[in-house]
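Presented below is the structure to which this report refers.
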Amino acid sequence: MPSLARVFALTCALLLGVVALAAAQEGPGVLYADSLRPEWTVEPTRTGRAQVVGYLHNSNIKDAANVWLRVDQLGADGAVAGSYRRRVVGDVLSGGRSVFAVPVADAGARYRVTVETADWVKECR
């Protein structure tokens with residue numbers, strides 16, 4: 001019986017290791033990432049610089065707090081040529097939207113907006 005218990009324990013340990021390895025290879029992600037949808041455009045500022053401005057829509061039943069956005073500047077080949085990060089001010093309430101503005105270098109460049117992190121809360125704050 002002890003050898004059967006040892007085989008069972010080793011099998012469980014192996015399976016847990018495989019699951020942990022698969023999860024680690026997926027990389028970090030935002031839980032419910034499809035619930036936060038950016039809608040944005042590039043606009044010049046009064047000082048002649050550029051900024052990516054828009055709304056972040058939340059279709060989740062929970063509020064999104066501590067939301068960080070990453071704006072990637074894309075080169076002609078689609079590769080990332082630069083990145084800018086900015087925190088969305090305040091919470092993005094359930095069913096609502098929040099405005100954001102991220103200063104960038106070039107108004108003529110192509111950009112991609114991604115939600116990098118978010119905390120989901122369902123409480124009075």
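By convention in this document, the chains of the structure tokens carry letters A, B, ... by their order, each chain's residues are numbered from 1, and ligands are numbered from 1 in the order they are shown.
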Counting only C-alpha atoms, which residues of segment 67-106 of chain A fall within 9 Å of segment 43-59 of chain A, and what is the closest atom pair for each with its distance in Å at one decimal, ordered by chain and rising number, as JSON lines?
```
{"residue": "A:Val71", "atom": "CA", "partner": "A:Val52", "partner_atom": "CA", "distance": 8.0}
{"residue": "A:Val88", "atom": "CA", "partner": "A:Leu56", "partner_atom": "CA", "distance": 8.6}
{"residue": "A:Val92", "atom": "CA", "partner": "A:Asn58", "partner_atom": "CA", "distance": 6.3}
{"residue": "A:Leu93", "atom": "CA", "partner": "A:Asn58", "partner_atom": "CA", "distance": 6.7}
{"residue": "A:Ser94", "atom": "CA", "partner": "A:Asn58", "partner_atom": "CA", "distance": 5.7}
{"residue": "A:Gly95", "atom": "CA", "partner": "A:Ser59", "partner_atom": "CA", "distance": 5.0}
{"residue": "A:Gly96", "atom": "CA", "partner": "A:Asn58", "partner_atom": "CA", "distance": 5.6}
{"residue": "A:Arg97", "atom": "CA", "partner": "A:His57", "partner_atom": "CA", "distance": 4.3}
{"residue": "A:Ser98", "atom": "CA", "partner": "A:Leu56", "partner_atom": "CA", "distance": 5.3}
{"residue": "A:Val99", "atom": "CA", "partner": "A:Tyr55", "partner_atom": "CA", "distance": 4.4}
{"residue": "A:Phe100", "atom": "CA", "partner": "A:Gly54", "partner_atom": "CA", "distance": 5.5}
{"residue": "A:Ala101", "atom": "CA", "partner": "A:Val53", "partner_atom": "CA", "distance": 4.3}
{"residue": "A:Val102", "atom": "CA", "partner": "A:Val52", "partner_atom": "CA", "distance": 5.1}
{"residue": "A:Pro103", "atom": "CA", "partner": "A:Gln51", "partner_atom": "CA", "distance": 4.2}
{"residue": "A:Val104", "atom": "CA", "partner": "A:Gln51", "partner_atom": "CA", "distance": 5.1}
{"residue": "A:Ala105", "atom": "CA", "partner": "A:Ala50", "partner_atom": "CA", "distance": 6.2}
{"residue": "A:Asp106", "atom": "CA", "partner": "A:Ala50", "partner_atom": "CA", "distance": 6.0}
```
What does the file look like for those residues with N, CA and C atoms, as an mmCIF file, in the first residue's frame?
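Printed below is again_32.cif as written:
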```cif
data_model
loop_
_atom_site.group_PDB
_atom_site.id
_atom_site.type_symbol
_atom_site.label_atom_id
_atom_site.label_comp_id
_atom_site.auth_asym_id
_atom_site.auth_seq_id
_atom_site.Cartn_x
_atom_site.Cartn_y
_atom_site.Cartn_z
ATOM 1 N N VAL A 71 -0.037 52.137 -24.269
ATOM 2 C CA VAL A 71 -0.216 52.601 -25.643
ATOM 3 C C VAL A 71 1.069 52.278 -26.388
ATOM 4 N N VAL A 88 -5.541 55.085 -15.517
ATOM 5 C CA VAL A 88 -6.837 55.727 -15.701
ATOM 6 C C VAL A 88 -7.236 56.327 -14.352
ATOM 7 N N VAL A 92 -13.479 52.690 -13.175
ATOM 8 C CA VAL A 92 -14.353 52.569 -14.335
ATOM 9 C C VAL A 92 -15.554 51.771 -13.844
ATOM 10 N N LEU A 93 -16.664 52.460 -13.601
ATOM 11 C CA LEU A 93 -17.819 51.836 -12.985
ATOM 12 C C LEU A 93 -18.476 50.824 -13.913
ATOM 13 N N SER A 94 -19.126 49.859 -13.311
ATOM 14 C CA SER A 94 -19.846 48.830 -14.055
ATOM 15 C C SER A 94 -20.860 49.477 -14.996
ATOM 16 N N GLY A 95 -20.802 49.099 -16.268
ATOM 17 C CA GLY A 95 -21.716 49.657 -17.258
ATOM 18 C C GLY A 95 -21.387 51.085 -17.656
ATOM 19 N N GLY A 96 -20.275 51.609 -17.175
ATOM 20 C CA GLY A 96 -19.931 52.995 -17.452
ATOM 21 C C GLY A 96 -18.679 53.124 -18.293
ATOM 22 N N ARG A 97 -18.162 54.336 -18.295
ATOM 23 C CA ARG A 97 -16.939 54.605 -19.035
ATOM 24 C C ARG A 97 -16.153 55.691 -18.309
ATOM 25 N N SER A 98 -14.856 55.694 -18.546
ATOM 26 C CA SER A 98 -13.967 56.721 -18.001
ATOM 27 C C SER A 98 -13.119 57.269 -19.132
ATOM 28 N N VAL A 99 -12.789 58.531 -19.009
ATOM 29 C CA VAL A 99 -11.968 59.193 -20.015
ATOM 30 C C VAL A 99 -10.494 58.968 -19.675
ATOM 31 N N PHE A 100 -9.663 58.928 -20.701
ATOM 32 C CA PHE A 100 -8.226 58.833 -20.484
ATOM 33 C C PHE A 100 -7.489 59.654 -21.535
ATOM 34 N N ALA A 101 -6.280 60.049 -21.180
ATOM 35 C CA ALA A 101 -5.399 60.784 -22.095
ATOM 36 C C ALA A 101 -3.968 60.346 -21.818
ATOM 37 N N VAL A 102 -3.282 59.937 -22.863
ATOM 38 C CA VAL A 102 -1.903 59.469 -22.740
ATOM 39 C C VAL A 102 -1.036 60.286 -23.705
ATOM 40 N N PRO A 103 -0.106 61.080 -23.184
ATOM 41 C CA PRO A 103 0.783 61.839 -24.072
ATOM 42 C C PRO A 103 1.670 60.891 -24.887
ATOM 43 N N VAL A 104 1.800 61.174 -26.173
ATOM 44 C CA VAL A 104 2.635 60.370 -27.078
ATOM 45 C C VAL A 104 3.514 61.315 -27.895
ATOM 46 N N ALA A 105 4.442 60.740 -28.643
ATOM 47 C CA ALA A 105 5.442 61.547 -29.349
ATOM 48 C C ALA A 105 4.972 62.085 -30.699
ATOM 49 N N ASP A 106 4.238 61.284 -31.460
ATOM 50 C CA ASP A 106 3.985 61.627 -32.862
ATOM 51 C C ASP A 106 2.509 61.466 -33.193
#
```
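Using only C-alpha atoms, the contacts of segment 73-87 of chain A at a cut-off of 8 Å, with sequence neighbours closer than 3 positions omitted, comprise Asn66, Val67, Trp68, Leu69, Arg70, Val102, Pro103, Val104, Ala109, Arg110, Tyr111 and Arg112 of chain A.
Using only C-alpha atoms, the shortest contact distance between Glu123 of chain A and any of A:Asp72, A:Lys62, A:Asp91, A:Gly108 is found at A:Lys62.
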**Study point:** Gap from atom CA of Asn60 of chain A to atom CA of Ala118 of chain A - Å, one decimal
**Key:** 12.0 Å
Exercise for review: Using only C-alpha atoms, find the one residue out of A:Ser35, A:Thr41, A:Asp63, A:Ser3 that sits nearest to Val121 of chain A.
Suggested key: A:Asp63
List every residue of segment 41-119 of chain A that DSSP, applied to the backbone of this structure, places in strand (DSSP E or B), and write the result as a short mmCIF file (atom, residue, chain, number, x, y, z; two decimals) with N, CA and C atoms, in the first residue's frame.
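So the final result, stored in out.cif, reads:
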```
data_model
loop_
_atom_site.label_atom_id
_atom_site.label_comp_id
_atom_site.auth_asym_id
_atom_site.auth_seq_id
_atom_site.Cartn_x
_atom_site.Cartn_y
_atom_site.Cartn_z
N THR A 41 -8.70 58.03 -30.05
CA THR A 41 -8.20 58.71 -31.22
C THR A 41 -6.93 59.47 -30.83
N VAL A 42 -6.14 59.87 -31.82
CA VAL A 42 -4.94 60.67 -31.57
C VAL A 42 -5.27 62.12 -31.88
N GLU A 43 -4.97 63.00 -30.92
CA GLU A 43 -5.26 64.42 -31.09
C GLU A 43 -4.03 65.26 -30.75
N PRO A 44 -3.87 66.38 -31.43
CA PRO A 44 -2.77 67.29 -31.05
C PRO A 44 -3.17 68.07 -29.79
N ALA A 50 1.28 65.52 -29.10
CA ALA A 50 0.14 64.66 -29.42
C ALA A 50 -0.27 63.87 -28.19
N GLN A 51 -1.51 63.39 -28.19
CA GLN A 51 -1.96 62.52 -27.11
C GLN A 51 -3.03 61.57 -27.65
N VAL A 52 -3.03 60.37 -27.08
CA VAL A 52 -4.09 59.40 -27.36
C VAL A 52 -5.17 59.66 -26.31
N VAL A 53 -6.36 60.04 -26.77
CA VAL A 53 -7.46 60.33 -25.86
C VAL A 53 -8.65 59.45 -26.20
N GLY A 54 -9.43 59.13 -25.19
CA GLY A 54 -10.61 58.33 -25.47
C GLY A 54 -11.34 57.92 -24.20
N TYR A 55 -12.18 56.92 -24.37
CA TYR A 55 -12.97 56.37 -23.28
C TYR A 55 -12.63 54.91 -23.10
N LEU A 56 -12.69 54.47 -21.85
CA LEU A 56 -12.55 53.05 -21.53
C LEU A 56 -13.91 52.58 -21.03
N HIS A 57 -14.57 51.71 -21.79
CA HIS A 57 -15.90 51.21 -21.47
C HIS A 57 -15.79 49.93 -20.64
N ASN A 58 -16.65 49.80 -19.62
CA ASN A 58 -16.66 48.62 -18.74
C ASN A 58 -18.01 47.92 -18.87
N ASP A 63 -16.87 46.86 -10.81
CA ASP A 63 -16.13 48.07 -11.14
C ASP A 63 -14.67 47.73 -11.35
N ALA A 64 -14.01 48.44 -12.24
CA ALA A 64 -12.58 48.26 -12.48
C ALA A 64 -11.83 49.39 -11.78
N ALA A 65 -10.87 49.01 -10.93
CA ALA A 65 -10.07 49.99 -10.19
C ALA A 65 -8.60 49.79 -10.53
N ASN A 66 -7.81 50.81 -10.29
CA ASN A 66 -6.36 50.74 -10.54
C ASN A 66 -6.05 50.25 -11.96
N VAL A 67 -6.72 50.82 -12.92
CA VAL A 67 -6.56 50.41 -14.33
C VAL A 67 -5.36 51.13 -14.92
N TRP A 68 -4.46 50.35 -15.51
CA TRP A 68 -3.29 50.89 -16.22
C TRP A 68 -3.42 50.54 -17.70
N LEU A 69 -3.18 51.54 -18.55
CA LEU A 69 -3.21 51.35 -20.00
C LEU A 69 -1.79 51.37 -20.55
N ARG A 70 -1.59 50.63 -21.62
CA ARG A 70 -0.33 50.68 -22.37
C ARG A 70 -0.68 51.09 -23.80
N VAL A 71 -0.04 52.14 -24.27
CA VAL A 71 -0.22 52.60 -25.64
C VAL A 71 1.07 52.28 -26.39
N ASP A 72 0.96 51.40 -27.37
CA ASP A 72 2.12 51.00 -28.18
C ASP A 72 2.13 51.79 -29.47
N GLN A 73 3.26 52.40 -29.77
CA GLN A 73 3.45 53.05 -31.06
C GLN A 73 3.93 51.98 -32.02
N LEU A 74 3.25 51.84 -33.16
CA LEU A 74 3.56 50.78 -34.11
C LEU A 74 4.35 51.33 -35.29
N VAL A 80 6.30 46.94 -32.46
CA VAL A 80 6.22 48.00 -31.46
C VAL A 80 7.50 48.84 -31.50
N ALA A 81 7.33 50.14 -31.74
CA ALA A 81 8.47 51.05 -31.82
C ALA A 81 8.65 51.83 -30.52
N GLY A 82 7.62 51.86 -29.69
CA GLY A 82 7.70 52.56 -28.41
C GLY A 82 6.43 52.30 -27.61
N SER A 83 6.51 52.45 -26.30
CA SER A 83 5.36 52.23 -25.43
C SER A 83 5.22 53.35 -24.43
N TYR A 84 3.98 53.65 -24.09
CA TYR A 84 3.65 54.66 -23.10
C TYR A 84 2.65 54.03 -22.14
N ARG A 85 2.81 54.31 -20.85
CA ARG A 85 1.90 53.75 -19.85
C ARG A 85 1.27 54.89 -19.06
N ARG A 86 0.00 54.69 -18.71
CA ARG A 86 -0.70 55.71 -17.94
C ARG A 86 -1.83 55.04 -17.16
N ARG A 87 -2.06 55.53 -15.94
CA ARG A 87 -3.15 55.04 -15.10
C ARG A 87 -4.43 55.80 -15.44
N VAL A 92 -13.48 52.69 -13.18
CA VAL A 92 -14.35 52.57 -14.33
C VAL A 92 -15.55 51.77 -13.84
N ARG A 97 -18.16 54.34 -18.30
CA ARG A 97 -16.94 54.60 -19.04
C ARG A 97 -16.15 55.69 -18.31
N SER A 98 -14.86 55.69 -18.55
CA SER A 98 -13.97 56.72 -18.00
C SER A 98 -13.12 57.27 -19.13
N VAL A 99 -12.79 58.53 -19.01
CA VAL A 99 -11.97 59.19 -20.02
C VAL A 99 -10.49 58.97 -19.68
N PHE A 100 -9.66 58.93 -20.70
CA PHE A 100 -8.23 58.83 -20.48
C PHE A 100 -7.49 59.65 -21.53
N ALA A 101 -6.28 60.05 -21.18
CA ALA A 101 -5.40 60.78 -22.10
C ALA A 101 -3.97 60.35 -21.82
N VAL A 102 -3.28 59.94 -22.86
CA VAL A 102 -1.90 59.47 -22.74
C VAL A 102 -1.04 60.29 -23.71
N PRO A 103 -0.11 61.08 -23.18
CA PRO A 103 0.78 61.84 -24.07
C PRO A 103 1.67 60.89 -24.89
N VAL A 104 1.80 61.17 -26.17
CA VAL A 104 2.64 60.37 -27.08
C VAL A 104 3.51 61.31 -27.90
N ARG A 110 0.93 55.29 -35.88
CA ARG A 110 -0.16 54.36 -35.55
C ARG A 110 0.04 53.88 -34.13
N TYR A 111 -1.08 53.68 -33.41
CA TYR A 111 -1.01 53.27 -32.02
C TYR A 111 -1.98 52.12 -31.75
N ARG A 112 -1.70 51.42 -30.66
CA ARG A 112 -2.58 50.35 -30.17
C ARG A 112 -2.73 50.56 -28.67
N VAL A 113 -3.98 50.55 -28.16
CA VAL A 113 -4.25 50.75 -26.74
C VAL A 113 -4.64 49.41 -26.13
N THR A 114 -3.96 49.05 -25.03
CA THR A 114 -4.19 47.78 -24.35
C THR A 114 -4.36 48.04 -22.86
N VAL A 115 -5.31 47.32 -22.24
CA VAL A 115 -5.44 47.37 -20.78
C VAL A 115 -4.38 46.44 -20.22
N GLU A 116 -3.46 46.99 -19.43
CA GLU A 116 -2.37 46.20 -18.87
C GLU A 116 -2.76 45.52 -17.56
N THR A 117 -3.38 46.26 -16.66
CA THR A 117 -3.82 45.69 -15.38
C THR A 117 -5.11 46.36 -14.94
N ALA A 118 -5.88 45.62 -14.14
CA ALA A 118 -7.10 46.14 -13.54
C ALA A 118 -7.44 45.30 -12.33
N ASP A 119 -7.95 45.95 -11.30
CA ASP A 119 -8.48 45.25 -10.13
C ASP A 119 -10.00 45.33 -10.20
#
```
